[in-house]
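Enquirer: Can you read through this structure? Questions will come right after.
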Amino acid sequence: MQARRGRRVPSLRALPFLFIVAALLGLLPLLHSHGLQHMLTSEPPYRDPAVLSAIEPGDVTAAPPDVSQEIRPLTNHSSPGHSKPRKAFPVLGIDYTHVRIPFEISLWILLACLMKLGFHVIPSVSNIVPESCLLIVVGLLVGGLIKGVGESPPILKSDIFFLFLLPPIILDAGYFLPLRQFTENLGTILIFAVVGTLWNAFFLGGLMYAVCQISGTGLNHIGLLANLLFGSIISAVDPVAVLAVFEEIHINELLHILVFGESLLNDAVTVVLYHLFEEYANFDQVTVTDIVLGFLSFFVVSLGGVFVGVVYGVIAAFTSRFTSHIRVIEPLFVFLYSYMAYLSAELFHLSGIMALIASGVVMRPYVEANISHKSHTTIKYFLKMWSSVSETLIFIFLGVSTVAGQHYWNWTFVISTLIFCLIARVLGVLGLTWFINKFRIVKLTPKDQFIIAYGGLRGAIAFSLGYLLDYEHFGMRDMFLTAIITVIFFTVFVQGMTIRPLVDLLAVKKKQETKRSINEEIHTQFLDHLLTGIEDICGHYGHHHWKDKLNRFNKKYMKKCLIAGERSKEPQLIAFYHKMEMKQAIELVESGGLGKIPSAISTVSMQNINPKALPVERILPALSKDKEEEIRKILRNNLQKTRQRLRSYNRHTLVADPYEEAWNQMLLRRQKARQLEQKMNNFLTVPSHKLDSPTMSRARIGSDPLAYEPKSDSENLPIITIDPASPQSPESVDLVNEELKGMSRLPPSPEEEEEEGLVMHVKESSSPGTDDVFTPGAGDSPSNQRMMRCLSDPGPRPDPEEGEPFIPKGQ
């Protein structure tokens with residue numbers, strides 16, 4: 001037992017590193033086959049000698065047979081004279097060349113997943129260093145290990161990157177793109193993506209050409225077009241690097257969509273500039289016609305990529321309309337149509353990234369309305385999985401390719417590239433933001449500008465474009481690649497590692513993890529409709545106006561063609577509710593419990609079972625021509641001048657209404673009268689007194705007969721019973737009998753009133769046509785009102801608004 005206790009059990013956190021070490025050791029026996037480089041380089045496929053020997057001599061593709069390897073007819077080994085030593089049946093054999101390519105691909109993917117798992121197991125490492133930095137470090141270690149054993153490490157080929165690794169990342173970003181934030185900031189994103197990228201490319205290319213012209217640098221042979229081509233490669237912000245860093249720091253939605261949207265949309269500018277300067281480098285002289293055609297190619301590449309993506313997105317949505325009986329293949333249509341859009345755009349040298357984004361954005365609302373919930377979950381997690389694996393492989397192979405590639409280091413060129421990249425980014429963001437803030441309602445603060453400038457990361461797209469350069473026309477390709485890798489490492493390591501502390505230091509707003517409630521969604525749609533109406537009234541065709549036009553077109557035409565069933569006519573939530581209500585009603589009918597339906601069940605089920613006839617449309621009253629012309633004149637004078645500038649006014653220039661003061665006084669008097677009447681009704685309400693038992697009444701009368709004996713001359717007055725035990729109690733006053741004097745009797749004189757005490761008078765009814773509020777009666781004086789209040793119960797609390805007692809002193 002003591003020996004067992006003395007042993008140290010390895011921690012669970014070390015298990016991923018043990019798997020990583022095991023994977024690296026598993027790579028060593030395979031290095032003699034040159035690793036993945038055979039797959040990435042072009043070489044003839046493997047030919048088995050037995051297969052080659054089986055080719056008939058008459059085949060035009062077969063080489064002449066060798067004399068030593070002449071084809072011999074099959075003979076019977078059992079015949080005499082032809083005996084051959086018989087080999088044992090191979091129970092176990094090894095044929096690695098047969099499974100080499102898929103085996104090595106699976107091993108690299110497994111290594112990438114184990115690396116990703118190991119980084120997230122230890123939070124102390126992942127909180128300090130971004131995942132992309134750690135993956136590049138792993139790639140450097142693996143590349144150094146492969147090179148240390150005498151083998152050549154695999155290099156990330158451009159075709160592998162652009163055709164297999166990049167599409168899953170862009171499709172995941174485009175399919176789940178936050179469309180509302182993207183469309184609301186589309187103008188800002190386009191300015192940063194187009195104007196900002198052009199500024200970076202020409203500013204950097206021009207300054208690098210000036211550096212190359214300095215004597216003593218050894219760069220005098222590099223011309224202007226080569227420097228402009230290098231500037232177009234290094235100026236674009238990389239979407240893979242931005243996604244990898246910004247998703248870890250959880251920046252707010254505005255900054256995330258600005259930087260990430262810029263990285264997505266600048267692909268068209270990068271592709272155009274790259275092919276433009278590459279073609280210009282082959283020309284002896286660049287004319288004005290070439291420049292104009294190059295400018296037009298930008299619109300062709302960008303808009304052509306968007307058009308291809310929209311076409312494939314509509315086809316995918318239309319196809320998903322008929323998949324209700326085959327739910328298994330629904331996710332496959334999303335992946336295939338998106339990938340076909342990307343390949344079709346690359347076929348015509350259009351922007352494949354723009355095509356992927358357009359196809360994902362167009363197909364998503366219609367596809368999700370047609371497919372099942374399980375298919376939606378499959379699409380979501382499959383895209384997340386493949387984008388994560390592709391991103392991991394890109395950064396690992398970026399590190400491996402750094403070790404395997406050929407480099408030419410020039411201090412002047414590399415350091416100047418790094419410094420000018422930072423300066424161009426900062427100046428571009430500051431200048432464009434100053435211009436953009438003139439038109440934005442929500443201004444970009446200096447903190448936002450700093451994060452946008454600091455988040456301009458470079459990645460594998462720049463490396464792959466540099467790797468595509470031809471040695472024949474660009475002999476300085478190795479130096480370009482060295483400078484590109486230096487800029488990538490600086491932006492990913494230095495800026496990527498320090499952006500999280502800077503965000504916390506500057507107190508930049510973070511992303512809200514909670515989803516918006518239904519109440520917020522309803523109010524957001526209400527505000528959208530309100531702003532759309534305001535824009536229509538003002539005659540301003542703004543963002544909400546065109547959004548409303550697009551929604552109307554979508555609801556009237558697109559949904560009817562691309563969404564199956566009743567879901568094209570009503571929202572998905574309401575359709576699901578109606579479906580559940582219909583299901584519940586059918587179950588109740590089939591079970592025979594229709595007569596026992598509780599009252600809590602809504603009437604939607606009954607409406608679905610017994611549908612009501614459509615209501616008859618209300619007949620509008622006919623208007624005369626004069627009335628119609630008058631209405632048109634009013635509308636023409638007030639609503640059709642929306643394009644004119646309205647005259648500004650303020651409260652000092654408005655014309656005063658002469659009747660406004662009189663109306664205000666009348667309304668105030670009426671309001672005070674209503675309040676007074678309400679208070680009078682409250683005071684005249686007397687709570688019923690609990691009658692005493694006969695025994696208690698006889699006891700009280702016997703104790704003090706004089707107090708309860710009525711006067712002879714007060715037979716017409718109410719008899720008031722007073723409790724002597726508590727004369728100050730408000731409940732001790734009981735109105736036993738009350739008879740009012742007749743209408744024909746004359747009002748008593750003041751002397752009689754003093755002898756008889758307080759007498760209640762009935763208010764004379766007002767004649768029809770008179771105002772009870774503004775026509776005061778004979779007994780509506782303040783003294784009479786106070787005397788009337790004395791006969792009522794003042795209540796447990798005095799009126800806080802009354803400034804004097806009910807009965808003034810001295811009365």
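Quick note on naming: the chains in the structure tokens go A, B, ... in the order shown, residues restart at 1 in each chain, and ligands are numbered from 1 in order of appearance.
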Please list as a ChimeraX atom specification every residue within 12 Å of A:Ala226, counting only C-alpha atoms and excluding residues in the same chain fewer than 2 positions away.

Expert: /A:201-202,204-206,208-209,212,219-224,228-233,273-274,276-282,466,469-470,473-477,479-480

Enquirer: Quick one: everything within 9 Å of stretch 481-491 of chain A, counting only C-alpha atoms, minus sequence neighbours fewer than 5 positions away in the same chain. Send it as a PyMOL selection string.

Expert: chain A and resi 133+136+230+233-234+398+402+405-410+413-415+417-418+421+454-460+462-463+466-467+476+496

Enquirer: Return the single residue from A:Ile122, A:Val242, A:Met354, A:Leu255 that is closest to A:Leu303, with distances computed using only C-alpha atoms.

Expert: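 Answer, going by the shortest atom-to-atom distance: A:Met354.
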
Enquirer: So that I can check the surroundings of A:Gly565, please list as a CSV table (one decimal) with C-alpha atoms, in the first residue's frame every protein, DNA and RNA residue that reaches within 10 Å of it, counting only C-alpha atoms and ignoring chain neighbours fewer than 5 positions away.

Expert:
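Result file is around.csv:
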chain,number,residue,atom,x,y,z
A,321,ARG,CA,-38.7,22.8,-51.5
A,369,ALA,CA,-38.1,27.2,-43.8
A,370,ASN,CA,-38.2,24.0,-45.9
A,560,LYS,CA,-44.3,31.7,-52.9

Enquirer: Taking only C-alpha atoms into account, name the residue in A:Val306, A:Phe420, A:Val286, A:Leu350 that is nearest to A:Val362.

Expert: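 Going through A:Val306, A:Phe420, A:Val286, A:Leu350 one by one, the smallest distance to A:Val362 is for A:Val306.
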